[in-house]
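Data first, discussion second: the structure below is written as structure tokens.
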Amino acid sequence: MSQDYAFESPRLNFRKLEMSDCGETYLAWLLDPEVNRYLETRHSEQTIELIQGFVAGVNSRPNEHLFGMFRRDDGRHIGNIKVGPISALHRRGDVSLFIGDRASWGQGLATEAIAAISIYAFDTLGVAKLASGMYANNQGSYRAFIKAGYHQEGLRRQHGLIDGELHDILECGLIAQDLAATRKALLS
Ligand SMILES: CC(C)(COP(=O)(O)OP(=O)(O)OC[C@H]1O[C@@H](n2cnc3c(N)ncnc32)[C@H](O)[C@@H]1OP(=O)(O)O)[C@@H](O)C(=O)NCCC(=O)NCCS
């Protein structure tokens, strides 16, 4: 594995984002209505400068860990995944991701990325619990977290608005006892 990479999975390498990763492609992902439909970033203005400011801000905070996902077959940056903020008091962190490169959807890469960052967070960052929430109709995200070993822990009714319509939010979590399934997801 290249020294630049923080960790890897069978088809992806993960490394901290650099300013040079924050260009037109990244901006186009955030402006793509198919990609941002369920992302809170859809509510804010996006420019390359604002993306760079966001990445610099996250990189400066020790309790947040943002990684680019790079395909191992051709080296392409296809999206990002983050763990954090991590609460040191509770050893608990949030996981979120997006794959901006739509050609990379439907190949099991989100499942693989979620499993890989979760193992990294438990083994290297020392978390004891990870959590993620998603709109109930974002079945791709929900299925990816469940396949990566997460369990549904809750459903917040009519908790978010998409295009003026109220949607439920599913709350998912991963604890140490679930990690065998997470490791298995990385093998399949
Ligand atoms: C949601 C997202 C992460 C899924 O990524 P992906 O790499 O295509 O997901 P995977 O290939 O690992 O698929 C995981 C499961 O979800 C299913 N799935 C994927 N996209 C789906 C969709 N649009 N509708 C229904 N199921 C879907 C897959 O079939 C698979 O389940 P299965 O094996 O039981 O069939 C990706 O589409 C994305 O980044 N979307 C935009 C941003 C976003 O919504 N991020 C999550 C915010 S919570």
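Labels used: A, B, ... for chains in the order of the structure tokens, numbers from 1 for residues in each chain, and numbers from 1 for ligands as shown.
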
A:Cys172: which residues within 7 Å, counting only C-alpha atoms, same-chain residues fewer than 5 positions away excluded, as a PDB file with N, CA, C and O atoms, in the first residue's frame?
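Result written to part12.pdb:
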ATOM      1  N   ALA A 131     -22.351   5.555  14.211  1.00  0.00           N
ATOM      2  CA  ALA A 131     -23.760   5.795  13.908  1.00  0.00           C
ATOM      3  C   ALA A 131     -23.887   6.496  12.561  1.00  0.00           C
ATOM      4  O   ALA A 131     -22.974   7.211  12.120  1.00  0.00           O
ATOM      5  N   SER A 132     -25.019   6.261  11.912  1.00  0.00           N
ATOM      6  CA  SER A 132     -25.308   6.973  10.667  1.00  0.00           C
ATOM      7  C   SER A 132     -26.818   7.085  10.501  1.00  0.00           C
ATOM      8  O   SER A 132     -27.555   6.184  10.884  1.00  0.00           O
ATOM      9  N   GLY A 133     -27.241   8.191   9.931  1.00  0.00           N
ATOM     10  CA  GLY A 133     -28.665   8.380   9.666  1.00  0.00           C
ATOM     11  C   GLY A 133     -28.869   8.655   8.195  1.00  0.00           C
ATOM     12  O   GLY A 133     -27.996   9.219   7.537  1.00  0.00           O
ATOM     13  N   TYR A 150     -24.114  -2.792  10.027  1.00  0.00           N
ATOM     14  CA  TYR A 150     -24.891  -1.896  10.890  1.00  0.00           C
ATOM     15  C   TYR A 150     -26.286  -2.473  11.153  1.00  0.00           C
ATOM     16  O   TYR A 150     -26.803  -3.265  10.361  1.00  0.00           O
ATOM     17  N   HIS A 151     -26.871  -2.053  12.254  1.00  0.00           N
ATOM     18  CA  HIS A 151     -28.238  -2.442  12.588  1.00  0.00           C
ATOM     19  C   HIS A 151     -29.101  -1.197  12.668  1.00  0.00           C
ATOM     20  O   HIS A 151     -28.632  -0.153  13.140  1.00  0.00           O
ATOM     21  N   GLN A 152     -30.345  -1.324  12.246  1.00  0.00           N
ATOM     22  CA  GLN A 152     -31.254  -0.191  12.410  1.00  0.00           C
ATOM     23  C   GLN A 152     -31.628  -0.067  13.879  1.00  0.00           C
ATOM     24  O   GLN A 152     -32.031  -1.041  14.516  1.00  0.00           O
ATOM     25  N   GLU A 153     -31.459   1.131  14.422  1.00  0.00           N
ATOM     26  CA  GLU A 153     -31.739   1.359  15.845  1.00  0.00           C
ATOM     27  C   GLU A 153     -32.959   2.245  16.061  1.00  0.00           C
ATOM     28  O   GLU A 153     -33.470   2.333  17.168  1.00  0.00           O
ATOM     29  N   GLY A 154     -33.368   2.921  15.016  1.00  0.00           N
ATOM     30  CA  GLY A 154     -34.500   3.819  15.208  1.00  0.00           C
ATOM     31  C   GLY A 154     -35.042   4.345  13.906  1.00  0.00           C
ATOM     32  O   GLY A 154     -34.447   4.155  12.832  1.00  0.00           O
TER      33      GLY A 154
END

Name the residues, by chain letter and number, that sit within 8 Å of ligand 1 using only C-alpha atoms and all ligand atoms, and give them as a PDB file with N, CA and C atoms, in the first residue's frame.
ATOM      1  N   GLU A  34     -28.886  14.257  -8.887  1.00  0.00           N
ATOM      2  CA  GLU A  34     -28.992  12.825  -8.567  1.00  0.00           C
ATOM      3  C   GLU A  34     -28.122  12.479  -7.371  1.00  0.00           C
ATOM      4  N   VAL A  35     -26.962  13.137  -7.289  1.00  0.00           N
ATOM      5  CA  VAL A  35     -26.017  12.851  -6.195  1.00  0.00           C
ATOM      6  C   VAL A  35     -26.466  13.551  -4.918  1.00  0.00           C
ATOM      7  N   ASN A  36     -26.912  14.815  -5.048  1.00  0.00           N
ATOM      8  CA  ASN A  36     -27.141  15.596  -3.814  1.00  0.00           C
ATOM      9  C   ASN A  36     -28.572  15.493  -3.272  1.00  0.00           C
ATOM     10  N   ARG A  37     -29.379  14.653  -3.915  1.00  0.00           N
ATOM     11  CA  ARG A  37     -30.795  14.556  -3.522  1.00  0.00           C
ATOM     12  C   ARG A  37     -30.968  14.369  -2.016  1.00  0.00           C
ATOM     13  N   TYR A  38     -30.113  13.520  -1.427  1.00  0.00           N
ATOM     14  CA  TYR A  38     -30.260  13.211   0.005  1.00  0.00           C
ATOM     15  C   TYR A  38     -29.145  13.827   0.849  1.00  0.00           C
ATOM     16  N   LEU A  39     -28.357  14.718   0.242  1.00  0.00           N
ATOM     17  CA  LEU A  39     -27.222  15.311   0.979  1.00  0.00           C
ATOM     18  C   LEU A  39     -27.603  16.695   1.490  1.00  0.00           C
ATOM     19  N   GLY A  79     -15.388   9.690  -4.700  1.00  0.00           N
ATOM     20  CA  GLY A  79     -16.261  10.242  -3.665  1.00  0.00           C
ATOM     21  C   GLY A  79     -15.517  10.317  -2.348  1.00  0.00           C
ATOM     22  N   SER A  96     -20.483   9.233   7.382  1.00  0.00           N
ATOM     23  CA  SER A  96     -21.269   9.710   6.237  1.00  0.00           C
ATOM     24  C   SER A  96     -20.434   9.570   4.970  1.00  0.00           C
ATOM     25  N   LEU A  97     -21.108   9.446   3.834  1.00  0.00           N
ATOM     26  CA  LEU A  97     -20.369   9.287   2.579  1.00  0.00           C
ATOM     27  C   LEU A  97     -21.190   9.742   1.388  1.00  0.00           C
ATOM     28  N   PHE A  98     -20.512  10.001   0.301  1.00  0.00           N
ATOM     29  CA  PHE A  98     -21.191  10.080  -0.988  1.00  0.00           C
ATOM     30  C   PHE A  98     -20.245   9.590  -2.071  1.00  0.00           C
ATOM     31  N   ILE A  99     -20.824   8.907  -3.057  1.00  0.00           N
ATOM     32  CA  ILE A  99     -20.070   8.535  -4.257  1.00  0.00           C
ATOM     33  C   ILE A  99     -20.568   9.459  -5.349  1.00  0.00           C
ATOM     34  N   GLY A 100     -19.738  10.395  -5.746  1.00  0.00           N
ATOM     35  CA  GLY A 100     -20.141  11.401  -6.734  1.00  0.00           C
ATOM     36  C   GLY A 100     -20.094  10.870  -8.153  1.00  0.00           C
ATOM     37  N   ARG A 102     -21.183   8.685 -10.645  1.00  0.00           N
ATOM     38  CA  ARG A 102     -22.360   7.808 -10.739  1.00  0.00           C
ATOM     39  C   ARG A 102     -22.055   6.497 -11.456  1.00  0.00           C
ATOM     40  N   SER A 104     -19.806   4.655 -10.782  1.00  0.00           N
ATOM     41  CA  SER A 104     -19.313   3.719  -9.757  1.00  0.00           C
ATOM     42  C   SER A 104     -20.421   3.243  -8.815  1.00  0.00           C
ATOM     43  N   TRP A 105     -21.651   3.657  -9.051  1.00  0.00           N
ATOM     44  CA  TRP A 105     -22.765   3.193  -8.210  1.00  0.00           C
ATOM     45  C   TRP A 105     -23.114   1.743  -8.568  1.00  0.00           C
ATOM     46  N   GLY A 106     -23.717   1.051  -7.615  1.00  0.00           N
ATOM     47  CA  GLY A 106     -24.261  -0.282  -7.874  1.00  0.00           C
ATOM     48  C   GLY A 106     -23.228  -1.375  -8.030  1.00  0.00           C
ATOM     49  N   GLN A 107     -22.012  -1.123  -7.540  1.00  0.00           N
ATOM     50  CA  GLN A 107     -20.950  -2.138  -7.627  1.00  0.00           C
ATOM     51  C   GLN A 107     -20.524  -2.629  -6.245  1.00  0.00           C
ATOM     52  N   GLY A 108     -21.272  -2.241  -5.230  1.00  0.00           N
ATOM     53  CA  GLY A 108     -20.900  -2.652  -3.870  1.00  0.00           C
ATOM     54  C   GLY A 108     -19.799  -1.801  -3.255  1.00  0.00           C
ATOM     55  N   LEU A 109     -19.477  -0.687  -3.898  1.00  0.00           N
ATOM     56  CA  LEU A 109     -18.349   0.113  -3.387  1.00  0.00           C
ATOM     57  C   LEU A 109     -18.710   0.879  -2.111  1.00  0.00           C
ATOM     58  N   ALA A 110     -19.971   1.325  -1.986  1.00  0.00           N
ATOM     59  CA  ALA A 110     -20.350   2.007  -0.742  1.00  0.00           C
ATOM     60  C   ALA A 110     -20.282   1.019   0.423  1.00  0.00           C
ATOM     61  N   THR A 111     -20.794  -0.182   0.217  1.00  0.00           N
ATOM     62  CA  THR A 111     -20.736  -1.212   1.264  1.00  0.00           C
ATOM     63  C   THR A 111     -19.283  -1.437   1.689  1.00  0.00           C
ATOM     64  N   GLU A 112     -18.423  -1.563   0.689  1.00  0.00           N
ATOM     65  CA  GLU A 112     -16.996  -1.808   0.950  1.00  0.00           C
ATOM     66  C   GLU A 112     -16.356  -0.628   1.703  1.00  0.00           C
ATOM     67  N   SER A 132     -25.019   6.261  11.912  1.00  0.00           N
ATOM     68  CA  SER A 132     -25.308   6.973  10.667  1.00  0.00           C
ATOM     69  C   SER A 132     -26.818   7.085  10.501  1.00  0.00           C
ATOM     70  N   GLY A 133     -27.241   8.191   9.931  1.00  0.00           N
ATOM     71  CA  GLY A 133     -28.665   8.380   9.666  1.00  0.00           C
ATOM     72  C   GLY A 133     -28.869   8.655   8.195  1.00  0.00           C
ATOM     73  N   MET A 134     -30.010   8.190   7.676  1.00  0.00           N
ATOM     74  CA  MET A 134     -30.309   8.450   6.255  1.00  0.00           C
ATOM     75  C   MET A 134     -31.814   8.580   6.050  1.00  0.00           C
ATOM     76  N   TYR A 135     -32.210   9.308   5.003  1.00  0.00           N
ATOM     77  CA  TYR A 135     -33.623   9.378   4.653  1.00  0.00           C
ATOM     78  C   TYR A 135     -34.111   7.952   4.359  1.00  0.00           C
ATOM     79  N   ASN A 138     -33.816   6.622   0.941  1.00  0.00           N
ATOM     80  CA  ASN A 138     -32.477   6.421   0.362  1.00  0.00           C
ATOM     81  C   ASN A 138     -32.076   4.966   0.621  1.00  0.00           C
ATOM     82  N   GLN A 139     -32.745   4.070  -0.104  1.00  0.00           N
ATOM     83  CA  GLN A 139     -32.547   2.640   0.140  1.00  0.00           C
ATOM     84  C   GLN A 139     -31.128   2.198  -0.193  1.00  0.00           C
ATOM     85  N   GLY A 140     -30.492   2.859  -1.152  1.00  0.00           N
ATOM     86  CA  GLY A 140     -29.109   2.501  -1.493  1.00  0.00           C
ATOM     87  C   GLY A 140     -28.199   2.694  -0.295  1.00  0.00           C
ATOM     88  N   SER A 141     -28.348   3.831   0.381  1.00  0.00           N
ATOM     89  CA  SER A 141     -27.531   4.113   1.558  1.00  0.00           C
ATOM     90  C   SER A 141     -27.875   3.143   2.696  1.00  0.00           C
ATOM     91  N   TYR A 142     -29.163   2.974   2.954  1.00  0.00           N
ATOM     92  CA  TYR A 142     -29.587   2.084   4.043  1.00  0.00           C
ATOM     93  C   TYR A 142     -29.056   0.675   3.826  1.00  0.00           C
ATOM     94  N   ARG A 143     -29.239   0.151   2.605  1.00  0.00           N
ATOM     95  CA  ARG A 143     -28.806  -1.218   2.303  1.00  0.00           C
ATOM     96  C   ARG A 143     -27.294  -1.335   2.456  1.00  0.00           C
ATOM     97  N   ALA A 144     -26.557  -0.314   2.038  1.00  0.00           N
ATOM     98  CA  ALA A 144     -25.095  -0.384   2.126  1.00  0.00           C
ATOM     99  C   ALA A 144     -24.654  -0.463   3.598  1.00  0.00           C
ATOM    100  N   PHE A 145     -25.264   0.355   4.466  1.00  0.00           N
ATOM    101  CA  PHE A 145     -24.889   0.305   5.885  1.00  0.00           C
ATOM    102  C   PHE A 145     -25.265  -1.049   6.501  1.00  0.00           C
ATOM    103  N   LYS A 147     -25.590  -3.942   4.966  1.00  0.00           N
ATOM    104  CA  LYS A 147     -24.684  -4.973   4.448  1.00  0.00           C
ATOM    105  C   LYS A 147     -23.292  -4.864   5.059  1.00  0.00           C
TER     106      LYS A 147
END

**OP:** From stretch 23-175 of chain A, collect each residue whose DSSP state is strand (DSSP E or B) and return the set as JSON, numbers by chain.
**Re:** {"A": [65, 66, 67, 68, 69, 70, 71, 77, 78, 79, 80, 81, 82, 83, 84, 85, 86, 87, 92, 93, 94, 95, 96, 97, 98, 99, 129, 130, 131, 132, 133, 134, 135, 151, 152, 153, 154, 155, 156, 157, 158, 159, 160, 161, 162, 165, 166, 167, 168, 169, 170, 171, 172, 173, 174, 175]}

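For A:Thr124, the residues within 12 Å (counting only C-alpha atoms, excluding itself and residues fewer than 6 positions away along the chain) are Ala6, Phe7, His65, Ala116, Ile117 and Ser118 of chain A.
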
Those same residues, written as an mmCIF file, in the first residue's frame with all heavy atoms?
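Listing of selection_17.cif after writing:
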data_model
loop_
_atom_site.group_PDB
_atom_site.id
_atom_site.type_symbol
_atom_site.label_atom_id
_atom_site.label_comp_id
_atom_site.auth_asym_id
_atom_site.auth_seq_id
_atom_site.Cartn_x
_atom_site.Cartn_y
_atom_site.Cartn_z
ATOM 1 N N ALA A 6 -4.285 5.980 3.996
ATOM 2 C CA ALA A 6 -4.512 5.707 5.418
ATOM 3 C C ALA A 6 -4.935 4.264 5.625
ATOM 4 O O ALA A 6 -4.555 3.624 6.605
ATOM 5 C CB ALA A 6 -5.586 6.655 5.956
ATOM 6 N N PHE A 7 -5.770 3.758 4.695
ATOM 7 C CA PHE A 7 -6.202 2.364 4.741
ATOM 8 C C PHE A 7 -6.743 2.001 3.369
ATOM 9 O O PHE A 7 -6.832 2.856 2.482
ATOM 10 C CB PHE A 7 -7.244 2.126 5.854
ATOM 11 C CG PHE A 7 -8.474 2.990 5.768
ATOM 12 C CD1 PHE A 7 -9.636 2.516 5.193
ATOM 13 C CD2 PHE A 7 -8.467 4.298 6.264
ATOM 14 C CE1 PHE A 7 -10.771 3.314 5.110
ATOM 15 C CE2 PHE A 7 -9.601 5.100 6.185
ATOM 16 C CZ PHE A 7 -10.749 4.601 5.599
ATOM 17 N N HIS A 65 -12.374 12.896 10.518
ATOM 18 C CA HIS A 65 -11.459 12.188 9.619
ATOM 19 C C HIS A 65 -12.154 12.003 8.280
ATOM 20 O O HIS A 65 -13.042 11.155 8.139
ATOM 21 C CB HIS A 65 -11.064 10.841 10.228
ATOM 22 C CG HIS A 65 -10.478 10.979 11.601
ATOM 23 N ND1 HIS A 65 -9.127 11.087 11.834
ATOM 24 C CD2 HIS A 65 -11.078 11.077 12.813
ATOM 25 C CE1 HIS A 65 -8.916 11.232 13.126
ATOM 26 N NE2 HIS A 65 -10.079 11.235 13.747
ATOM 27 N N ALA A 116 -14.819 -0.648 5.430
ATOM 28 C CA ALA A 116 -13.389 -0.342 5.627
ATOM 29 C C ALA A 116 -13.187 0.791 6.623
ATOM 30 O O ALA A 116 -12.337 0.703 7.523
ATOM 31 C CB ALA A 116 -12.753 0.017 4.278
ATOM 32 N N ILE A 117 -13.965 1.867 6.510
ATOM 33 C CA ILE A 117 -13.761 2.991 7.440
ATOM 34 C C ILE A 117 -14.211 2.591 8.856
ATOM 35 O O ILE A 117 -13.650 3.071 9.851
ATOM 36 C CB ILE A 117 -14.469 4.272 6.954
ATOM 37 C CG1 ILE A 117 -13.808 5.494 7.619
ATOM 38 C CG2 ILE A 117 -15.954 4.264 7.235
ATOM 39 C CD1 ILE A 117 -14.244 6.843 7.077
ATOM 40 N N SER A 118 -15.172 1.702 8.937
ATOM 41 C CA SER A 118 -15.655 1.284 10.251
ATOM 42 C C SER A 118 -14.585 0.464 10.968
ATOM 43 O O SER A 118 -14.328 0.675 12.166
ATOM 44 C CB SER A 118 -16.951 0.480 10.108
ATOM 45 O OG SER A 118 -17.935 1.271 9.469
#

**OP:** May I have all residues of chain A that DSSP, computed from the backbone, assigns to helix (DSSP H, G or I), given as a PyMOL selection string?
**Re:** chain A and resi 19-21+24-31+33-36+40-43+48-60+102-104+109-123+139-147+176-187

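Closest approach to A:Leu174 among A:Leu161, A:Leu130, A:Ile81, A:Ile48: A:Leu130, based on only C-alpha atoms.
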